[in-house]
Amino acid sequence: MTWLARRLRWNEPVLLVAGGCLIGLTPGFRTLVPPPPVVMLLFLPPLLYWESLATSLREIRTNLRGIVLLATGLALATAATVAGVGHALGLSWPLAFVLGAVVAPTDAIAVQAVARLLPRRIQTVLRAESLINDGTALALYAVVIGVAVQGQAVTWSGTAARFLLAYAGGVAIGAACAAAGVALRRRLRDRVLESALAVLTPFATYLPAQLLGVSGVLAVVTCGLILSQAGPRVTSAGARVQITGFWEVSTFILNSALFVLVGIQTPAIVSASAPPPWDTPWSPRCWSAAW
């Protein structure tokens, strides 16, 4: 499907989702529902890690102001806008803000897939912003869940503390894991072991952050950005070639499989939310109700 999309110059994610929908119509795949924690663990750390390794830290520093404003201000503005629309459609304010916090952050994987033809500076800003806006959404989500479920009062100090914990905790864990990775790579002289360590690094960074309740995304991104600068100085040339080839192939497969999985689950979701047969637009009951 990727070859066909590139041959016809179509959008690859759209064609992958469409192909997944066709697969989802077959009987063997109609009940395929992977557990969300497993999907997050298998897909998110390696894709974010490779994306951060391929992002220029120098360009991030050059465009830092715009990236920070987009990752915080625009994410909060998007959440507030979605919450306003949700409240207008009948949701309570806490639930409306829960919805806004969920959909506000952009997806780094989708940005990587659809922003390839944009100018380099815009690509850098969008990719970096999509990598770090998870901390904003996570902190906002924690606040609104506490209000909606536990009835907690919203305070500026508590909200600010959650933001700082999500950002600072994720960055600290990512930096610590990067330092540990550099120290281990200095002592390894086996190319296979160096490659195995590179594969395990995103998972070993993501899991502690998630268990401690801070941003696992920021931890993986921080670790990847640091290792993109320090890694080549402590990793052999042969291992770098092997690691780069592995990540290019594996992230391509994971990225494509992720969009296909979305398509596979789409028919089941649509059929589950569809109205009963007597409520279809062409049924007499529907026309009488509309009248």
# chains A, B, ... in the order shown; residues from 1 in each chain; ligands from 1
call {"tool": "select_by_dssp", "arguments": {"residues": "region 87-189 of chain A", "states": "alpha helix (DSSP H)", "output": "tab-separated table (two decimals) with C-alpha atoms, in the first residue's frame"}}
result
chain	number	residue	atom	x	y	z
A	87	HIS	CA	-20.19	22.00	26.37
A	88	ALA	CA	-22.40	23.56	23.69
A	93	TRP	CA	-17.59	21.51	31.69
A	94	PRO	CA	-15.32	18.94	33.42
A	95	LEU	CA	-16.10	16.25	30.83
A	96	ALA	CA	-15.78	18.79	28.02
A	97	PHE	CA	-12.30	19.69	29.22
A	98	VAL	CA	-11.41	16.00	29.47
A	99	LEU	CA	-12.30	15.70	25.78
A	100	GLY	CA	-10.29	18.84	25.02
A	101	ALA	CA	-7.23	17.55	26.87
A	102	VAL	CA	-7.38	14.25	24.99
A	103	VAL	CA	-7.55	15.71	21.47
A	108	ALA	CA	4.13	13.13	16.42
A	109	ILE	CA	3.72	10.06	14.24
A	110	ALA	CA	1.05	11.68	12.07
A	111	VAL	CA	3.11	14.87	11.75
A	112	GLN	CA	6.09	12.81	10.60
A	113	ALA	CA	3.95	11.10	7.97
A	114	VAL	CA	2.17	14.12	6.46
A	120	ARG	CA	12.57	22.37	6.63
A	121	ARG	CA	12.05	25.08	9.25
A	122	ILE	CA	8.30	24.43	9.45
A	123	GLN	CA	8.97	20.68	9.63
A	124	THR	CA	11.35	21.20	12.55
A	125	VAL	CA	8.89	23.40	14.45
A	126	LEU	CA	5.94	21.05	13.90
A	127	ARG	CA	7.90	17.91	14.71
A	128	ALA	CA	9.47	19.35	17.86
A	129	GLU	CA	6.18	20.82	19.03
A	130	SER	CA	4.38	17.52	18.49
A	131	LEU	CA	7.06	15.76	20.52
A	132	ILE	CA	6.74	17.94	23.64
A	133	ASN	CA	3.09	19.05	23.76
A	134	ASP	CA	2.25	15.77	25.47
A	135	GLY	CA	3.42	17.27	28.78
A	136	THR	CA	0.88	20.08	28.49
A	137	ALA	CA	-1.95	17.69	27.64
A	138	LEU	CA	-0.95	15.25	30.39
A	139	ALA	CA	-0.96	17.94	33.05
A	140	LEU	CA	-4.28	19.36	31.87
A	141	TYR	CA	-5.78	15.87	31.69
A	142	ALA	CA	-4.70	15.11	35.26
A	143	VAL	CA	-6.29	18.34	36.49
A	144	VAL	CA	-9.63	17.87	34.73
A	145	ILE	CA	-9.85	14.18	35.65
A	146	GLY	CA	-9.39	15.15	39.30
A	147	VAL	CA	-12.22	17.67	38.95
A	148	ALA	CA	-14.56	15.41	36.96
A	149	VAL	CA	-14.08	12.18	38.91
A	150	GLN	CA	-12.87	13.15	42.37
A	156	TRP	CA	-3.39	27.80	40.18
A	157	SER	CA	-0.73	26.35	42.45
A	158	GLY	CA	-1.93	22.78	41.97
A	159	THR	CA	-2.20	23.18	38.20
A	160	ALA	CA	1.26	24.75	37.97
A	161	ALA	CA	2.69	21.95	40.11
A	162	ARG	CA	1.24	19.31	37.78
A	163	PHE	CA	2.69	21.08	34.75
A	164	LEU	CA	6.11	21.29	36.35
A	165	LEU	CA	5.97	17.66	37.46
A	166	ALA	CA	4.98	16.44	33.99
A	167	TYR	CA	7.68	18.46	32.23
A	168	ALA	CA	10.52	18.44	34.74
A	169	GLY	CA	10.00	14.79	35.75
A	170	GLY	CA	9.99	13.59	32.15
A	171	VAL	CA	13.05	15.64	31.23
A	172	ALA	CA	14.94	14.50	34.34
A	173	ILE	CA	14.26	10.81	33.70
A	174	GLY	CA	15.17	11.18	30.03
A	175	ALA	CA	18.45	12.91	30.89
A	176	ALA	CA	19.30	10.27	33.50
A	177	CYS	CA	18.62	7.42	31.05
A	178	ALA	CA	20.69	9.16	28.38
A	179	ALA	CA	23.60	9.52	30.81
A	180	ALA	CA	23.32	5.85	31.72
A	181	GLY	CA	23.20	4.92	28.03
A	182	VAL	CA	26.34	6.93	27.27
A	183	ALA	CA	28.18	5.36	30.22
A	184	LEU	CA	27.23	1.86	29.08
A	185	ARG	CA	28.19	2.50	25.47
A	186	ARG	CA	31.65	3.62	26.52
A	187	ARG	CA	32.23	0.14	27.98
call {"tool": "closest_atom_pairs", "arguments": {"of": "region 43-80 of chain A", "to": "region 203-206 of chain A", "cutoff": "12 Å", "atoms": "only C-alpha atoms", "output": "Markdown table"}}
result
| residue | atom | partner | partner_atom | distance |
| --- | --- | --- | --- | --- |
| A:Phe43 | CA | A:Phe203 | CA | 10.1 |
| A:Leu44 | CA | A:Tyr206 | CA | 8.9 |
| A:Pro45 | CA | A:Phe203 | CA | 6.0 |
| A:Pro46 | CA | A:Phe203 | CA | 7.4 |
| A:Leu47 | CA | A:Phe203 | CA | 10.8 |
| A:Leu48 | CA | A:Tyr206 | CA | 10.2 |
| A:Tyr49 | CA | A:Phe203 | CA | 9.3 |
call {"tool": "atom_distance", "arguments": {"atom1": "CA of Thr201 (chain A)", "atom2": "CA of Met40 (chain A)"}}
result
15.7 Å
call {"tool": "closest_residue", "arguments": {"among": "A:Ala272, A:Val220, A:Leu42, A:Val260", "to": "Pro13 (chain A)", "atoms": "only C-alpha atoms"}}
result
A:Val260
call {"tool": "closest_residue", "arguments": {"among": "A:Ala209, A:Leu254, A:Ile226, A:Val192", "to": "Arg240 (chain A)", "atoms": "only C-alpha atoms"}}
result
A:Val192
call {"tool": "closest_residue", "arguments": {"among": "A:Cys21, A:Ser228, A:Trp50, A:Gly73", "to": "Glu248 (chain A)", "atoms": "only C-alpha atoms"}}
result
A:Trp50
call {"tool": "decode", "arguments": {"residues": "region 46-140 of chain A", "atoms": "C-alpha atoms", "output": "PDB file, in the first residue's frame"}}
result
ATOM      1  CA  PRO A  46      10.485   3.466  19.427  1.00  0.00           C
ATOM      2  CA  LEU A  47       8.712   5.861  17.055  1.00  0.00           C
ATOM      3  CA  LEU A  48       9.290   8.873  19.306  1.00  0.00           C
ATOM      4  CA  TYR A  49      12.867   7.819  19.980  1.00  0.00           C
ATOM      5  CA  TRP A  50      13.791   7.599  16.324  1.00  0.00           C
ATOM      6  CA  GLU A  51      11.972  10.850  15.572  1.00  0.00           C
ATOM      7  CA  SER A  52      13.954  12.636  18.288  1.00  0.00           C
ATOM      8  CA  LEU A  53      17.222  11.091  17.042  1.00  0.00           C
ATOM      9  CA  ALA A  54      16.484  12.428  13.560  1.00  0.00           C
ATOM     10  CA  THR A  55      15.562  15.930  14.801  1.00  0.00           C
ATOM     11  CA  SER A  56      18.232  18.615  14.792  1.00  0.00           C
ATOM     12  CA  LEU A  57      18.892  19.949  18.289  1.00  0.00           C
ATOM     13  CA  ARG A  58      20.482  23.072  16.819  1.00  0.00           C
ATOM     14  CA  GLU A  59      17.344  23.886  14.840  1.00  0.00           C
ATOM     15  CA  ILE A  60      15.238  23.304  17.952  1.00  0.00           C
ATOM     16  CA  ARG A  61      17.324  25.859  19.851  1.00  0.00           C
ATOM     17  CA  THR A  62      16.949  28.310  16.962  1.00  0.00           C
ATOM     18  CA  ASN A  63      13.138  27.975  16.922  1.00  0.00           C
ATOM     19  CA  LEU A  64      12.700  27.353  20.649  1.00  0.00           C
ATOM     20  CA  ARG A  65      10.340  30.287  21.276  1.00  0.00           C
ATOM     21  CA  GLY A  66       7.843  29.233  18.609  1.00  0.00           C
ATOM     22  CA  ILE A  67       8.026  25.587  19.645  1.00  0.00           C
ATOM     23  CA  VAL A  68       7.332  26.375  23.316  1.00  0.00           C
ATOM     24  CA  LEU A  69       4.428  28.683  22.457  1.00  0.00           C
ATOM     25  CA  LEU A  70       2.851  26.060  20.217  1.00  0.00           C
ATOM     26  CA  ALA A  71       3.415  23.209  22.689  1.00  0.00           C
ATOM     27  CA  THR A  72       1.861  25.124  25.602  1.00  0.00           C
ATOM     28  CA  GLY A  73      -0.259  28.066  24.471  1.00  0.00           C
ATOM     29  CA  LEU A  74      -1.746  26.501  21.348  1.00  0.00           C
ATOM     30  CA  ALA A  75      -2.348  23.156  23.081  1.00  0.00           C
ATOM     31  CA  LEU A  76      -4.257  24.902  25.889  1.00  0.00           C
ATOM     32  CA  ALA A  77      -6.176  27.069  23.412  1.00  0.00           C
ATOM     33  CA  THR A  78      -7.146  23.973  21.417  1.00  0.00           C
ATOM     34  CA  ALA A  79      -8.320  22.190  24.563  1.00  0.00           C
ATOM     35  CA  ALA A  80     -10.401  25.213  25.577  1.00  0.00           C
ATOM     36  CA  THR A  81     -11.965  25.467  22.107  1.00  0.00           C
ATOM     37  CA  VAL A  82     -12.857  21.778  22.017  1.00  0.00           C
ATOM     38  CA  ALA A  83     -14.242  22.041  25.545  1.00  0.00           C
ATOM     39  CA  GLY A  84     -16.431  24.981  24.511  1.00  0.00           C
ATOM     40  CA  VAL A  85     -17.833  23.042  21.567  1.00  0.00           C
ATOM     41  CA  GLY A  86     -18.378  19.962  23.741  1.00  0.00           C
ATOM     42  CA  HIS A  87     -20.193  22.004  26.374  1.00  0.00           C
ATOM     43  CA  ALA A  88     -22.397  23.556  23.691  1.00  0.00           C
ATOM     44  CA  LEU A  89     -23.312  20.028  22.553  1.00  0.00           C
ATOM     45  CA  GLY A  90     -24.411  19.018  26.054  1.00  0.00           C
ATOM     46  CA  LEU A  91     -21.321  17.884  27.969  1.00  0.00           C
ATOM     47  CA  SER A  92     -20.598  19.210  31.425  1.00  0.00           C
ATOM     48  CA  TRP A  93     -17.591  21.510  31.693  1.00  0.00           C
ATOM     49  CA  PRO A  94     -15.315  18.938  33.418  1.00  0.00           C
ATOM     50  CA  LEU A  95     -16.102  16.247  30.828  1.00  0.00           C
ATOM     51  CA  ALA A  96     -15.783  18.791  28.020  1.00  0.00           C
ATOM     52  CA  PHE A  97     -12.298  19.694  29.224  1.00  0.00           C
ATOM     53  CA  VAL A  98     -11.411  15.999  29.473  1.00  0.00           C
ATOM     54  CA  LEU A  99     -12.297  15.702  25.784  1.00  0.00           C
ATOM     55  CA  GLY A 100     -10.291  18.840  25.018  1.00  0.00           C
ATOM     56  CA  ALA A 101      -7.227  17.551  26.867  1.00  0.00           C
ATOM     57  CA  VAL A 102      -7.377  14.246  24.986  1.00  0.00           C
ATOM     58  CA  VAL A 103      -7.549  15.710  21.470  1.00  0.00           C
ATOM     59  CA  ALA A 104      -5.431  18.874  21.984  1.00  0.00           C
ATOM     60  CA  PRO A 105      -1.908  17.439  21.475  1.00  0.00           C
ATOM     61  CA  THR A 106      -0.884  16.714  17.934  1.00  0.00           C
ATOM     62  CA  ASP A 107       0.406  13.255  17.154  1.00  0.00           C
ATOM     63  CA  ALA A 108       4.128  13.126  16.423  1.00  0.00           C
ATOM     64  CA  ILE A 109       3.722  10.062  14.236  1.00  0.00           C
ATOM     65  CA  ALA A 110       1.047  11.680  12.072  1.00  0.00           C
ATOM     66  CA  VAL A 111       3.111  14.869  11.746  1.00  0.00           C
ATOM     67  CA  GLN A 112       6.089  12.814  10.600  1.00  0.00           C
ATOM     68  CA  ALA A 113       3.945  11.104   7.970  1.00  0.00           C
ATOM     69  CA  VAL A 114       2.172  14.118   6.457  1.00  0.00           C
ATOM     70  CA  ALA A 115       4.691  16.982   6.821  1.00  0.00           C
ATOM     71  CA  ARG A 116       7.435  15.667   4.565  1.00  0.00           C
ATOM     72  CA  LEU A 117       6.853  18.182   1.754  1.00  0.00           C
ATOM     73  CA  LEU A 118       6.839  21.268   3.971  1.00  0.00           C
ATOM     74  CA  PRO A 119       9.866  23.600   4.257  1.00  0.00           C
ATOM     75  CA  ARG A 120      12.568  22.373   6.626  1.00  0.00           C
ATOM     76  CA  ARG A 121      12.050  25.081   9.251  1.00  0.00           C
ATOM     77  CA  ILE A 122       8.300  24.427   9.451  1.00  0.00           C
ATOM     78  CA  GLN A 123       8.974  20.678   9.627  1.00  0.00           C
ATOM     79  CA  THR A 124      11.351  21.202  12.547  1.00  0.00           C
ATOM     80  CA  VAL A 125       8.887  23.400  14.445  1.00  0.00           C
ATOM     81  CA  LEU A 126       5.943  21.051  13.904  1.00  0.00           C
ATOM     82  CA  ARG A 127       7.903  17.907  14.705  1.00  0.00           C
ATOM     83  CA  ALA A 128       9.474  19.352  17.856  1.00  0.00           C
ATOM     84  CA  GLU A 129       6.177  20.819  19.034  1.00  0.00           C
ATOM     85  CA  SER A 130       4.378  17.518  18.493  1.00  0.00           C
ATOM     86  CA  LEU A 131       7.060  15.757  20.522  1.00  0.00           C
ATOM     87  CA  ILE A 132       6.744  17.940  23.637  1.00  0.00           C
ATOM     88  CA  ASN A 133       3.095  19.049  23.759  1.00  0.00           C
ATOM     89  CA  ASP A 134       2.249  15.774  25.474  1.00  0.00           C
ATOM     90  CA  GLY A 135       3.421  17.272  28.775  1.00  0.00           C
ATOM     91  CA  THR A 136       0.876  20.081  28.486  1.00  0.00           C
ATOM     92  CA  ALA A 137      -1.950  17.691  27.640  1.00  0.00           C
ATOM     93  CA  LEU A 138      -0.948  15.253  30.392  1.00  0.00           C
ATOM     94  CA  ALA A 139      -0.959  17.943  33.055  1.00  0.00           C
ATOM     95  CA  LEU A 140      -4.280  19.359  31.865  1.00  0.00           C
TER      96      LEU A 140
END
